[in-house]
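**Q** Let me begin by handing over the structure; questions about it come next.
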Amino acid sequence: MEIKTISVTYHRKFNLGDFESVELGCSLWGQIEPEEDAEGATQFLFEQAKASVKEAAMPLIKASSHQMNKARMYKQSAQNNTTDKG
């Protein structure tokens, strides 16, 4: 079977707190030549879609106190785990 077109869709839902959430998504399509690596092209499109969703989400996350608190807690947890292992 010859693959000519690859489609990747990436969706992510963000909890903004106060019973609010937003779902962002990105779909990318790419045409490949028979000699190109389909798996590599798929991974590339996936990474591009993921980066696009992250970029679109950043203003919403920064405006959300719930997400900012969640990020602070995650950062503290990561620092504590690093300190405990050292």
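Chain labels follow the order of the structure tokens: the first chain is A, the next B, and so on; residue numbering restarts at 1 in every chain, and ligands are counted from 1 in their shown order.
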Where does DSSP see helix (DSSP H, G or I) in chain A, if you list the residues as a VMD selection string?

**A** chain A and resid 38 to 63 65 to 85

**Q** Would you output that residue set with N, CA and C atoms, as a CSV table (one decimal), in the first residue's frame?

**A**
chain,number,residue,atom,x,y,z
A,38,ALA,N,7.0,7.7,6.1
A,38,ALA,CA,5.6,8.1,6.6
A,38,ALA,C,5.6,8.2,8.1
A,39,GLU,N,6.2,7.4,8.8
A,39,GLU,CA,6.2,7.4,10.3
A,39,GLU,C,6.9,8.7,10.7
A,40,GLY,N,8.0,9.1,10.1
A,40,GLY,CA,8.7,10.3,10.5
A,40,GLY,C,7.9,11.6,10.2
A,41,ALA,N,7.2,11.5,9.0
A,41,ALA,CA,6.3,12.6,8.6
A,41,ALA,C,5.1,12.8,9.6
A,42,THR,N,4.6,11.6,10.0
A,42,THR,CA,3.5,11.6,11.0
A,42,THR,C,3.9,12.2,12.3
A,43,GLN,N,5.1,11.8,12.8
A,43,GLN,CA,5.6,12.4,14.1
A,43,GLN,C,5.9,13.9,13.9
A,44,PHE,N,6.4,14.3,12.8
A,44,PHE,CA,6.6,15.7,12.6
A,44,PHE,C,5.3,16.5,12.6
A,45,LEU,N,4.3,16.0,11.9
A,45,LEU,CA,3.0,16.7,11.9
A,45,LEU,C,2.4,16.7,13.4
A,46,PHE,N,2.6,15.6,14.1
A,46,PHE,CA,2.0,15.6,15.5
A,46,PHE,C,2.7,16.6,16.3
A,47,GLU,N,4.0,16.7,16.3
A,47,GLU,CA,4.8,17.7,17.1
A,47,GLU,C,4.4,19.1,16.7
A,48,GLN,N,4.1,19.4,15.4
A,48,GLN,CA,3.7,20.7,14.9
A,48,GLN,C,2.3,21.0,15.5
A,49,ALA,N,1.4,20.1,15.4
A,49,ALA,CA,0.0,20.3,15.9
A,49,ALA,C,0.0,20.5,17.4
A,50,LYS,N,0.8,19.8,18.1
A,50,LYS,CA,0.9,19.9,19.6
A,50,LYS,C,1.5,21.3,19.9
A,51,ALA,N,2.5,21.7,19.2
A,51,ALA,CA,3.1,23.1,19.5
A,51,ALA,C,2.1,24.2,19.2
A,52,SER,N,1.3,24.0,18.1
A,52,SER,CA,0.3,25.0,17.7
A,52,SER,C,-0.8,25.1,18.8
A,53,VAL,N,-1.2,24.0,19.4
A,53,VAL,CA,-2.2,24.0,20.4
A,53,VAL,C,-1.7,24.7,21.7
A,54,LYS,N,-0.4,24.3,22.0
A,54,LYS,CA,0.2,25.0,23.2
A,54,LYS,C,0.3,26.5,23.0
A,55,GLU,N,0.7,26.9,21.8
A,55,GLU,CA,0.9,28.3,21.6
A,55,GLU,C,-0.5,29.1,21.7
A,56,ALA,N,-1.5,28.4,21.2
A,56,ALA,CA,-2.9,29.0,21.3
A,56,ALA,C,-3.4,29.0,22.7
A,57,ALA,N,-3.0,28.1,23.5
A,57,ALA,CA,-3.4,27.9,24.9
A,57,ALA,C,-2.7,28.9,25.9
A,58,MET,N,-1.5,29.3,25.6
A,58,MET,CA,-0.7,30.1,26.6
A,58,MET,C,-1.5,31.3,27.1
A,59,PRO,N,-2.1,32.1,26.2
A,59,PRO,CA,-2.8,33.3,26.8
A,59,PRO,C,-3.9,32.9,27.7
A,60,LEU,N,-4.6,31.8,27.4
A,60,LEU,CA,-5.7,31.4,28.2
A,60,LEU,C,-5.2,30.9,29.6
A,61,ILE,N,-4.1,30.1,29.5
A,61,ILE,CA,-3.5,29.6,30.8
A,61,ILE,C,-3.0,30.7,31.6
A,62,LYS,N,-2.3,31.6,31.1
A,62,LYS,CA,-1.8,32.8,31.8
A,62,LYS,C,-2.9,33.6,32.5
A,63,ALA,N,-4.0,33.6,31.8
A,63,ALA,CA,-5.2,34.4,32.4
A,63,ALA,C,-6.0,33.6,33.4
A,65,SER,N,-6.2,31.7,36.8
A,65,SER,CA,-5.5,31.6,38.1
A,65,SER,C,-5.5,30.1,38.5
A,66,HIS,N,-6.5,29.3,38.1
A,66,HIS,CA,-6.5,27.9,38.4
A,66,HIS,C,-5.3,27.2,37.7
A,67,GLN,N,-5.1,27.5,36.5
A,67,GLN,CA,-4.0,26.8,35.7
A,67,GLN,C,-2.6,27.3,36.2
A,68,MET,N,-2.5,28.6,36.6
A,68,MET,CA,-1.2,29.1,37.1
A,68,MET,C,-0.9,28.5,38.5
A,69,ASN,N,-1.9,28.3,39.4
A,69,ASN,CA,-1.7,27.6,40.6
A,69,ASN,C,-1.3,26.2,40.4
A,70,LYS,N,-1.9,25.5,39.4
A,70,LYS,CA,-1.6,24.2,39.1
A,70,LYS,C,-0.1,24.1,38.6
A,71,ALA,N,0.3,25.0,37.8
A,71,ALA,CA,1.7,25.0,37.3
A,71,ALA,C,2.7,25.3,38.5
A,72,ARG,N,2.3,26.1,39.4
A,72,ARG,CA,3.2,26.4,40.6
A,72,ARG,C,3.4,25.1,41.4
A,73,MET,N,2.2,24.4,41.7
A,73,MET,CA,2.3,23.2,42.5
A,73,MET,C,3.1,22.1,41.7
A,74,TYR,N,3.0,22.0,40.4
A,74,TYR,CA,3.8,21.0,39.7
A,74,TYR,C,5.3,21.4,39.8
A,75,LYS,N,5.6,22.6,39.7
A,75,LYS,CA,7.0,23.1,39.7
A,75,LYS,C,7.6,22.8,41.1
A,76,GLN,N,6.8,23.1,42.2
A,76,GLN,CA,7.3,22.8,43.5
A,76,GLN,C,7.5,21.3,43.7
A,77,SER,N,6.6,20.5,43.2
A,77,SER,CA,6.7,19.0,43.4
A,77,SER,C,7.9,18.5,42.7
A,78,ALA,N,8.2,19.0,41.5
A,78,ALA,CA,9.4,18.6,40.7
A,78,ALA,C,10.6,19.0,41.5
A,79,GLN,N,10.6,20.2,42.1
A,79,GLN,CA,11.8,20.7,42.8
A,79,GLN,C,12.0,19.8,44.1
A,80,ASN,N,10.9,19.4,44.7
A,80,ASN,CA,11.0,18.6,45.9
A,80,ASN,C,11.5,17.2,45.6
A,81,ASN,N,11.1,16.7,44.5
A,81,ASN,CA,11.6,15.3,44.0
A,81,ASN,C,13.0,15.4,43.7
A,82,THR,N,13.5,16.4,43.1
A,82,THR,CA,14.9,16.6,42.7
A,82,THR,C,15.8,16.7,44.0
A,83,THR,N,15.3,17.5,45.0
A,83,THR,CA,16.0,17.7,46.2
A,83,THR,C,16.0,16.4,47.0
A,84,ASP,N,14.9,15.6,47.0
A,84,ASP,CA,14.9,14.3,47.8
A,84,ASP,C,15.9,13.3,47.2
A,85,LYS,N,16.1,13.3,45.9
A,85,LYS,CA,17.0,12.3,45.3
A,85,LYS,C,18.4,12.7,45.5

**Q** Near Tyr10 in chain A, counting only C-alpha atoms, which residues have an atom at most 7 Å away, once you skip same-chain residues fewer than 2 positions from it, shown as a ChimeraX atom specification?

**A** /A:8,12,25-27,49-50

**Q** As a PyMOL selection string, which residues of chain A does DSSP assign to strand (DSSP E or B)?

**A** chain A and resi 5-17+20-31

**Q** Grab the CA of Glu33 in chain A to CA of His11 in chain A distance for me, in Å with one decimal place.

**A**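 About the pair CA of Glu33 in chain A and CA of His11 in chain A: they are 27.1 Å apart.
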